[in-house]
$ cat final18.txt   # compact mmCIF, C-alpha atoms
# COMPACT_ATOMS: atom_id res chain seq x y z
CA MET A 1 11.45 -6.80 12.48
CA ILE A 2 10.25 -4.80 15.49
CA ARG A 3 13.17 -4.05 17.81
CA SER A 4 12.78 -4.33 21.57
CA VAL A 5 15.13 -4.36 24.57
CA GLU A 6 14.77 -4.88 28.31
CA LYS A 7 16.89 -2.72 30.57
CA SER A 8 17.48 -2.25 34.28
CA GLY A 9 18.53 0.82 36.23
CA LYS A 10 18.39 2.51 39.60
CA THR A 11 15.42 4.49 38.30
CA ILE A 12 12.87 3.96 35.54
CA GLU A 13 14.29 6.96 33.68
CA GLU A 14 17.80 5.55 33.82
CA ALA A 15 16.63 2.20 32.45
CA VAL A 16 14.61 3.90 29.69
CA GLN A 17 17.55 6.07 28.62
CA ASP A 18 19.75 2.98 28.44
CA GLY A 19 17.18 1.30 26.19
CA LEU A 20 16.88 4.36 23.94
CA LYS A 21 20.66 4.43 23.56
CA ASP A 22 20.74 0.78 22.51
CA LEU A 23 17.96 1.25 19.93
CA GLY A 24 19.26 4.57 18.70
CA LEU A 25 15.80 6.12 19.06
CA SER A 26 14.19 9.05 20.87
CA SER A 27 11.43 8.74 23.48
CA HIS A 28 8.60 9.61 21.05
CA GLU A 29 9.67 6.73 18.76
CA VAL A 30 9.16 3.98 21.33
CA GLU A 31 6.63 2.41 23.66
CA ILE A 32 7.74 1.89 27.27
CA GLU A 33 6.49 -0.88 29.54
CA VAL A 34 7.53 -0.84 33.20
CA LEU A 35 8.21 -4.46 34.17
CA GLU A 36 9.37 -3.78 37.70
CA GLU A 37 9.39 -0.71 39.91
CA PRO A 38 12.59 0.11 41.81
CA SER A 39 12.65 -0.36 45.57
CA ARG A 40 15.20 0.78 48.14
CA GLY A 41 15.11 -2.28 50.37
CA ILE A 42 15.88 -2.37 54.08
CA LEU A 43 17.79 0.69 55.19
CA GLY A 44 18.09 1.61 51.55
CA LEU A 45 20.59 -1.19 50.90
CA VAL A 46 19.55 -4.77 51.67
CA GLY A 47 17.04 -6.18 49.15
CA GLN A 48 17.31 -3.20 46.84
CA LYS A 49 15.64 -3.81 43.46
CA LEU A 50 16.46 -2.10 40.24
CA ALA A 51 13.82 -0.74 37.91
CA ARG A 52 13.25 -2.92 34.85
CA VAL A 53 11.62 -1.70 31.65
CA LYS A 54 10.87 -2.94 28.17
CA VAL A 55 11.53 -0.39 25.41
CA THR A 56 9.92 -1.26 22.06
CA GLU A 57 10.22 0.52 18.75
CA LYS A 58 6.93 2.02 17.57
CA VAL A 59 5.84 0.68 14.21
CA ASP A 60 3.74 2.96 12.03
CA LEU A 61 1.03 1.83 9.67
CA ALA A 62 3.19 1.98 6.54
CA HIS A 63 5.87 -0.13 8.20
CA GLN A 64 3.31 -2.77 9.22
CA VAL A 65 1.97 -2.98 5.68
CA CYS A 66 5.47 -3.32 4.25
CA GLU A 67 6.22 -6.19 6.61
CA PHE A 68 2.98 -7.97 5.69
CA PHE A 69 3.64 -7.53 1.97
CA GLY A 70 7.16 -8.91 2.29
CA LYS A 71 5.84 -12.03 4.02
CA LEU A 72 3.09 -12.41 1.41
CA ILE A 73 5.63 -12.36 -1.43
CA ASP A 74 7.91 -14.78 0.46
CA HIS A 75 5.04 -17.29 0.66
CA MET A 76 4.84 -17.29 -3.15
CA LYS A 77 8.26 -19.00 -3.27
CA LEU A 78 9.62 -16.92 -6.15
CA GLU A 79 13.35 -16.57 -6.81
CA ASP A 80 15.38 -13.34 -6.71
CA ILE A 81 12.50 -11.02 -5.83
CA THR A 82 13.18 -7.67 -4.16
CA ILE A 83 10.77 -5.00 -2.95
CA GLU A 84 11.31 -1.26 -2.77
CA SER A 85 8.92 1.01 -0.88
CA SER A 86 8.25 4.73 -0.70
CA PHE A 87 5.69 6.69 1.29
CA ALA A 88 4.44 10.22 0.64
CA ASP A 89 1.16 12.13 1.00
CA GLY A 90 -0.73 9.16 2.43
CA THR A 91 0.24 6.79 -0.39
CA LEU A 92 2.52 3.79 0.09
CA GLU A 93 4.07 2.54 -3.16
CA LEU A 94 5.46 -1.01 -3.22
CA GLU A 95 7.55 -1.85 -6.28
CA ILE A 96 8.57 -5.44 -7.04
CA PHE A 97 11.72 -6.33 -9.01
CA GLY A 98 13.16 -9.64 -10.14
CA ASP A 99 13.36 -12.32 -12.81
CA GLU A 100 9.94 -13.77 -11.97
CA VAL A 101 7.86 -10.58 -11.75
CA GLY A 102 5.79 -11.79 -14.70
CA ALA A 103 4.13 -14.29 -12.39
CA LEU A 104 3.21 -11.42 -10.06
CA ILE A 105 1.75 -9.31 -12.85
CA GLY A 106 -0.52 -11.89 -14.47
CA ARG A 107 -2.70 -11.42 -17.54
CA ARG A 108 -3.29 -7.69 -18.03
CA GLY A 109 -2.12 -7.08 -14.45
CA ALA A 110 -4.80 -9.28 -12.84
CA THR A 111 -2.44 -10.84 -10.27
CA LEU A 112 -0.91 -7.47 -9.47
CA ASP A 113 -4.39 -6.01 -8.94
CA ALA A 114 -5.28 -8.92 -6.63
CA LEU A 115 -2.14 -8.35 -4.56
CA GLN A 116 -2.93 -4.64 -4.34
CA TYR A 117 -6.50 -5.39 -3.25
CA ILE A 118 -5.33 -7.74 -0.49
CA VAL A 119 -2.70 -5.32 0.81
CA ASN A 120 -5.20 -2.45 0.93
CA LEU A 121 -7.62 -4.66 2.90
CA VAL A 122 -4.86 -5.47 5.38
CA ALA A 123 -3.86 -1.79 5.63
CA GLY A 124 -7.48 -0.92 6.47
CA ASN A 125 -7.57 -3.64 9.12
CA TYR A 126 -4.33 -2.42 10.72
CA TRP A 127 -5.72 1.13 10.74
CA ARG A 128 -8.90 0.01 12.53
CA GLN A 129 -6.79 -1.80 15.15
CA LEU A 130 -4.84 1.39 15.82
CA GLU A 131 -8.07 3.39 16.07
CA ALA A 132 -9.46 0.89 18.60
CA LYS A 133 -6.32 1.36 20.72
CA GLY A 134 -6.70 5.13 20.57
CA GLU A 135 -3.58 5.48 18.42
CA SER A 136 -5.14 7.64 15.73
CA GLU A 137 -3.24 7.62 12.45
CA GLU A 138 -4.12 8.68 8.92
CA ARG A 139 -5.36 5.91 6.63
CA ILE A 140 -3.04 5.06 3.77
CA ARG A 141 -3.55 3.99 0.16
CA VAL A 142 -1.31 1.26 -1.21
CA ILE A 143 -0.18 0.95 -4.83
CA VAL A 144 1.55 -2.29 -5.85
CA ASP A 145 3.64 -2.24 -9.03
CA ALA A 146 6.17 -4.52 -10.70
CA GLU A 147 9.12 -3.05 -12.60
CA GLY A 148 7.07 -0.10 -13.86
CA TYR A 149 4.25 -2.23 -15.31
CA ARG A 150 1.49 0.19 -14.31
CA GLY A 151 3.19 3.08 -16.06
CA ARG A 152 3.61 1.05 -19.25
CA ARG A 153 0.03 -0.17 -19.05
CA ALA A 154 -1.25 3.39 -18.56
CA ALA A 155 0.68 4.60 -21.60
CA SER A 156 -0.70 1.70 -23.64
CA LEU A 157 -4.27 2.47 -22.56
CA GLU A 158 -3.85 6.15 -23.43
CA ARG A 159 -2.67 5.22 -26.93
CA LEU A 160 -5.59 2.80 -27.28
CA ALA A 161 -8.09 5.43 -26.11
CA ARG A 162 -6.83 7.99 -28.61
CA SER A 163 -6.88 5.47 -31.45
CA VAL A 164 -10.39 4.27 -30.62
CA ALA A 165 -11.61 7.85 -30.18
CA GLU A 166 -10.37 8.71 -33.68
CA ARG A 167 -12.12 5.65 -35.16
CA ALA A 168 -15.38 6.50 -33.37
CA ARG A 169 -15.23 10.12 -34.54
CA ARG A 170 -14.36 9.14 -38.12
CA ASP A 171 -16.92 6.31 -38.47
CA GLY A 172 -19.62 7.95 -36.36
CA GLY A 173 -20.32 4.96 -34.15
CA GLU A 174 -19.65 3.40 -30.74
CA ILE A 175 -16.72 1.16 -29.85
CA ARG A 176 -16.78 -1.13 -26.83
CA LEU A 177 -13.47 -1.91 -25.13
CA GLU A 178 -12.45 -4.94 -23.10
CA PRO A 179 -13.39 -5.13 -19.39
CA MET A 180 -11.07 -3.12 -17.17
CA ASN A 181 -10.64 -2.33 -13.52
CA PRO A 182 -11.70 1.12 -12.19
CA MET A 183 -8.18 2.57 -12.36
CA GLU A 184 -7.75 1.56 -16.00
CA ARG A 185 -11.20 2.80 -16.98
CA ARG A 186 -10.34 6.18 -15.46
CA ILE A 187 -7.18 6.37 -17.58
CA VAL A 188 -9.24 5.72 -20.72
CA HIS A 189 -11.94 8.27 -19.79
CA LEU A 190 -9.34 10.97 -19.14
CA ALA A 191 -7.61 10.28 -22.45
CA VAL A 192 -10.90 10.37 -24.37
CA GLN A 193 -11.78 13.71 -22.78
CA GLU A 194 -8.82 15.22 -24.59
CA CYS A 195 -10.19 14.12 -28.00
CA LYS A 196 -12.68 16.29 -29.86
CA GLY A 197 -16.07 15.01 -31.03
CA VAL A 198 -16.15 11.91 -28.84
CA GLU A 199 -17.17 10.90 -25.33
CA SER A 200 -16.89 7.80 -23.17
CA PHE A 201 -18.99 6.04 -20.53
CA SER A 202 -18.88 2.77 -18.63
CA GLU A 203 -21.35 -0.11 -18.80
CA GLY A 204 -21.70 -3.51 -17.16
CA GLU A 205 -20.92 -4.76 -13.68
CA ASP A 206 -17.49 -5.36 -12.17
CA PRO A 207 -15.35 -7.30 -12.84
CA PHE A 208 -16.73 -7.19 -16.40
CA ARG A 209 -17.42 -3.45 -16.53
CA TYR A 210 -16.09 -1.87 -19.72
CA VAL A 211 -15.70 1.49 -21.47
CA VAL A 212 -17.68 2.55 -24.53
CA VAL A 213 -16.23 5.30 -26.73
CA SER A 214 -18.86 7.07 -28.81
CA CYS A 215 -19.11 9.80 -31.43
CA LYS A 216 -21.03 12.68 -29.88
CA GLU A 217 -23.12 13.21 -33.02
CA GLN A 218 -24.06 9.53 -33.04
CA ARG A 219 -25.24 9.75 -29.40
CA ARG A 220 -27.59 12.63 -30.26

$ encode --input "final18.txt" --output "structure tokens"
Amino acid sequence: MIRSVEKSGKTIEEAVQDGLKDLGLSSHEVEIEVLEEPSRGILGLVGQKLARVKVTEKVDLAHQVCEFFGKLIDHMKLEDITIESSFADGTLELEIFGDEVGALIGRRGATLDALQYIVNLVAGNYWRQLEAKGESEERIRVIVDAEGYRGRRAASLERLARSVAERARRDGGEIRLEPMNPMERRIVHLAVQECKGVESFSEGEDPFRYVVVSCKEQRR
């Protein structure tokens, strides 16, 4: 929730400082809107008006995305779901926990990938809005995970890649894997690169694009 207060004072500065104190923020962390200029009135006394300002907490891009994601998950009407977030080096990681995370993962992570795709689209839209307002900010990449699923899936794909690479090298043929998203295909390619005598390449069109692991001698 974006915090905002309206304050009055003899001067604009006095009203702003009062607002900053209430929010517990510094001047560079807020946006200030002057609602009413102060006036001295007749003879400096009669009809005197105080300055009135609105002090609003600035919300960065990562914060906006987190708020959107929380609302998106709320709309799914799942029980006992919590979200943890972390932001570093331009990447926002959103991790979901709870008894019903299976519904958010889906078959081979399909639902999780869809959520991640939506949130990245929204993050891009928020960034363009900031750019249009002249509030330049670095674009961010969002990764959505659920109780460490992506790490487990990556480990599983690495094991699969090594096993398939060994079969292709031993039997001297090509082995076609199931369709995968770009991130998963990259994990397989990197794992295959570590295996001698084999190589990998992708074929097909998304979302049915898949990896082929091949014996190098067979390819020649």

$ atom_distance --input "final18.txt" --atom1 "atom CA of A:Glu199" --atom2 "atom CA of A:Gly173"
11.1 Å

$ atom_distance --input "final18.txt" --atom1 "atom CA of A:Val16" --atom2 "atom CA of A:Lys133"
22.9 Å

$ atom_distance --input "final18.txt" --atom1 "atom CA of A:Pro179" --atom2 "atom CA of A:Arg108"
10.5 Å

$ closest_residue --input "final18.txt" --among "A:Glu6, A:Glu203, A:Asp171, A:Leu190" --to "A:Glu217" --atoms "all atoms listed in the file"
A:Asp171

$ residues_around --input "final18.txt" --residues "A:Ile73" --least-positions-apart "4" --cutoff "12 Å" --atoms "all atoms listed in the file" --output "list in words"
Cys66, Glu67, Phe68, Phe69, Lys77, Leu78, Glu79, Asp80, Ile81, Thr82, Ile83, Leu94, Glu95, Ile96, Phe97, Gly98, Glu100, Val101, Ala103, Leu104, Leu112, Leu115, Gln116, Ile118, Val119 and Val144 of chain A

$ closest_residue --input "final18.txt" --among "A:Leu61, A:Ala88, A:Met180, A:Val188" --to "A:Arg159" --atoms "only C-alpha atoms"
A:Val188

$ closest_residue --input "final18.txt" --among "A:Ser85, A:Thr56, A:Gln64, A:Thr111" --to "A:Ala123" --atoms "all atoms listed in the file"
A:Gln64

$ closest_atom_pairs --input "final18.txt" --of "stretch 84-197 of chain A" --to "stretch 210-216 of chain A" --cutoff "12 Å" --atoms "all atoms listed in the file" --output "Markdown table"
| residue | atom | partner | partner_atom | distance |
| --- | --- | --- | --- | --- |
| A:Leu157 | CA | A:Val211 | CA | 11.5 |
| A:Leu160 | CA | A:Val213 | CA | 10.9 |
| A:Ala161 | CA | A:Val213 | CA | 8.2 |
| A:Arg162 | CA | A:Val213 | CA | 10.0 |
| A:Ser163 | CA | A:Val213 | CA | 10.5 |
| A:Val164 | CA | A:Val213 | CA | 7.1 |
| A:Ala165 | CA | A:Val213 | CA | 6.3 |
| A:Glu166 | CA | A:Cys215 | CA | 9.1 |
| A:Arg167 | CA | A:Cys215 | CA | 8.9 |
| A:Ala168 | CA | A:Cys215 | CA | 5.3 |
| A:Arg169 | CA | A:Cys215 | CA | 5.0 |
| A:Arg170 | CA | A:Cys215 | CA | 8.2 |
| A:Asp171 | CA | A:Cys215 | CA | 8.2 |
| A:Gly172 | CA | A:Cys215 | CA | 5.3 |
| A:Gly173 | CA | A:Cys215 | CA | 5.7 |
| A:Glu174 | CA | A:Ser214 | CA | 4.2 |
| A:Ile175 | CA | A:Val213 | CA | 5.2 |
| A:Arg176 | CA | A:Val212 | CA | 4.4 |
| A:Leu177 | CA | A:Val211 | CA | 5.5 |
| A:Glu178 | CA | A:Tyr210 | CA | 5.8 |
| A:Pro179 | CA | A:Tyr210 | CA | 4.2 |
| A:Met180 | CA | A:Tyr210 | CA | 5.8 |
| A:Asn181 | CA | A:Tyr210 | CA | 8.3 |
| A:Pro182 | CA | A:Tyr210 | CA | 9.2 |
| A:Met183 | CA | A:Tyr210 | CA | 11.7 |
| A:Glu184 | CA | A:Val211 | CA | 9.7 |
| A:Arg185 | CA | A:Val211 | CA | 6.5 |
| A:Arg186 | CA | A:Val211 | CA | 9.3 |
| A:Ile187 | CA | A:Val211 | CA | 10.6 |
| A:Val188 | CA | A:Val211 | CA | 7.8 |
| A:His189 | CA | A:Val211 | CA | 7.9 |
| A:Leu190 | CA | A:Val211 | CA | 11.7 |
| A:Ala191 | CA | A:Val213 | CA | 10.8 |
| A:Val192 | CA | A:Val213 | CA | 7.7 |
| A:Gln193 | CA | A:Val213 | CA | 10.3 |
| A:Cys195 | CA | A:Cys215 | CA | 10.5 |
| A:Lys196 | CA | A:Lys216 | CA | 9.1 |
| A:Gly197 | CA | A:Lys216 | CA | 5.6 |

$ residues_around --input "final18.txt" --residues "A:Gln17" --least-positions-apart "5" --cutoff "12 Å" --atoms "only C-alpha atoms" --output "list in words"
Val5, Glu6, Lys7, Ser8, Gly9, Lys10, Thr11, Ile12, Asp22, Leu23, Gly24, Leu25, Ser26, Ser27, Val30, Ile32, Arg52, Val53, Lys54 and Val55 of chain A

$ closest_residue --input "final18.txt" --among "A:Leu72, A:Glu158, A:Glu194, A:Gly90" --to "A:Glu138" --atoms "all atoms listed in the file"
A:Gly90

$ residues_around --input "final18.txt" --residues "A:His63" --least-positions-apart "4" --cutoff "12 Å" --atoms "all atoms listed in the file" --output "NGL selection string"
:A and (1-2 or 57-59 or 67-70 or 85-87 or 92-94 or 123 or 126-127 or 140 or 142)

$ decode --input "final18.txt" --residues "stretch 3-25 of chain A" --atoms "N, CA, C and O atoms" --output "short mmCIF file (atom, residue, chain, number, x, y, z; two decimals), in the first residue's frame"
data_model
loop_
_atom_site.label_atom_id
_atom_site.label_comp_id
_atom_site.auth_asym_id
_atom_site.auth_seq_id
_atom_site.Cartn_x
_atom_site.Cartn_y
_atom_site.Cartn_z
N ARG A 3 1.82 4.85 0.88
CA ARG A 3 1.48 5.73 1.99
C ARG A 3 1.50 7.19 1.55
O ARG A 3 2.38 7.60 0.78
N SER A 4 0.53 7.95 2.06
CA SER A 4 0.43 9.36 1.69
C SER A 4 -0.22 10.13 2.84
O SER A 4 -1.12 9.61 3.51
N VAL A 5 0.26 11.34 3.08
CA VAL A 5 -0.33 12.19 4.12
C VAL A 5 -0.48 13.62 3.59
O VAL A 5 0.27 14.04 2.72
N GLU A 6 -1.46 14.32 4.12
CA GLU A 6 -1.63 15.75 3.83
C GLU A 6 -1.32 16.52 5.11
O GLU A 6 -1.80 16.17 6.19
N LYS A 7 -0.51 17.58 4.95
CA LYS A 7 -0.08 18.34 6.11
C LYS A 7 -0.19 19.84 5.84
O LYS A 7 -0.08 20.30 4.70
N SER A 8 -0.38 20.58 6.92
CA SER A 8 -0.44 22.04 6.83
C SER A 8 0.66 22.66 7.69
O SER A 8 1.13 22.04 8.66
N GLY A 9 1.08 23.87 7.32
CA GLY A 9 2.11 24.56 8.08
C GLY A 9 2.19 26.01 7.66
O GLY A 9 1.60 26.42 6.64
N LYS A 10 2.91 26.79 8.44
CA LYS A 10 3.05 28.21 8.11
C LYS A 10 3.77 28.39 6.78
O LYS A 10 3.54 29.36 6.07
N THR A 11 4.67 27.45 6.48
CA THR A 11 5.37 27.47 5.20
C THR A 11 5.27 26.09 4.56
O THR A 11 4.94 25.10 5.23
N ILE A 12 5.56 26.04 3.25
CA ILE A 12 5.55 24.75 2.56
C ILE A 12 6.58 23.81 3.17
O ILE A 12 6.32 22.63 3.40
N GLU A 13 7.75 24.32 3.48
CA GLU A 13 8.81 23.51 4.06
C GLU A 13 8.39 22.92 5.40
O GLU A 13 8.67 21.75 5.70
N GLU A 14 7.72 23.71 6.20
CA GLU A 14 7.26 23.23 7.51
C GLU A 14 6.26 22.09 7.34
O GLU A 14 6.32 21.07 8.04
N ALA A 15 5.34 22.26 6.38
CA ALA A 15 4.33 21.22 6.14
C ALA A 15 4.98 19.94 5.59
O ALA A 15 4.63 18.83 5.99
N VAL A 16 5.96 20.12 4.71
CA VAL A 16 6.66 18.96 4.13
C VAL A 16 7.41 18.20 5.21
O VAL A 16 7.36 16.97 5.29
N GLN A 17 8.12 18.92 6.08
CA GLN A 17 8.89 18.27 7.13
C GLN A 17 7.97 17.50 8.08
O GLN A 17 8.33 16.41 8.57
N ASP A 18 6.79 18.04 8.33
CA ASP A 18 5.82 17.35 9.19
C ASP A 18 5.37 16.05 8.53
O ASP A 18 5.24 15.01 9.19
N GLY A 19 5.16 16.10 7.20
CA GLY A 19 4.76 14.90 6.48
C GLY A 19 5.86 13.85 6.46
O GLY A 19 5.60 12.65 6.62
N LEU A 20 7.10 14.29 6.26
CA LEU A 20 8.24 13.36 6.26
C LEU A 20 8.38 12.67 7.61
O LEU A 20 8.68 11.47 7.68
N LYS A 21 8.14 13.44 8.68
CA LYS A 21 8.24 12.87 10.02
C LYS A 21 7.19 11.79 10.23
O LYS A 21 7.47 10.72 10.79
N ASP A 22 5.97 12.04 9.77
CA ASP A 22 4.89 11.06 9.91
C ASP A 22 5.19 9.78 9.14
O ASP A 22 4.91 8.68 9.61
N LEU A 23 5.75 9.91 7.93
CA LEU A 23 6.02 8.75 7.09
C LEU A 23 7.32 8.05 7.44
O LEU A 23 7.55 6.91 7.04
N GLY A 24 8.17 8.77 8.16
CA GLY A 24 9.47 8.20 8.51
C GLY A 24 10.38 8.08 7.31
O GLY A 24 11.19 7.16 7.21
N LEU A 25 10.27 9.05 6.37
CA LEU A 25 11.04 9.01 5.14
C LEU A 25 11.84 10.30 4.96
O LEU A 25 11.56 11.30 5.62
#
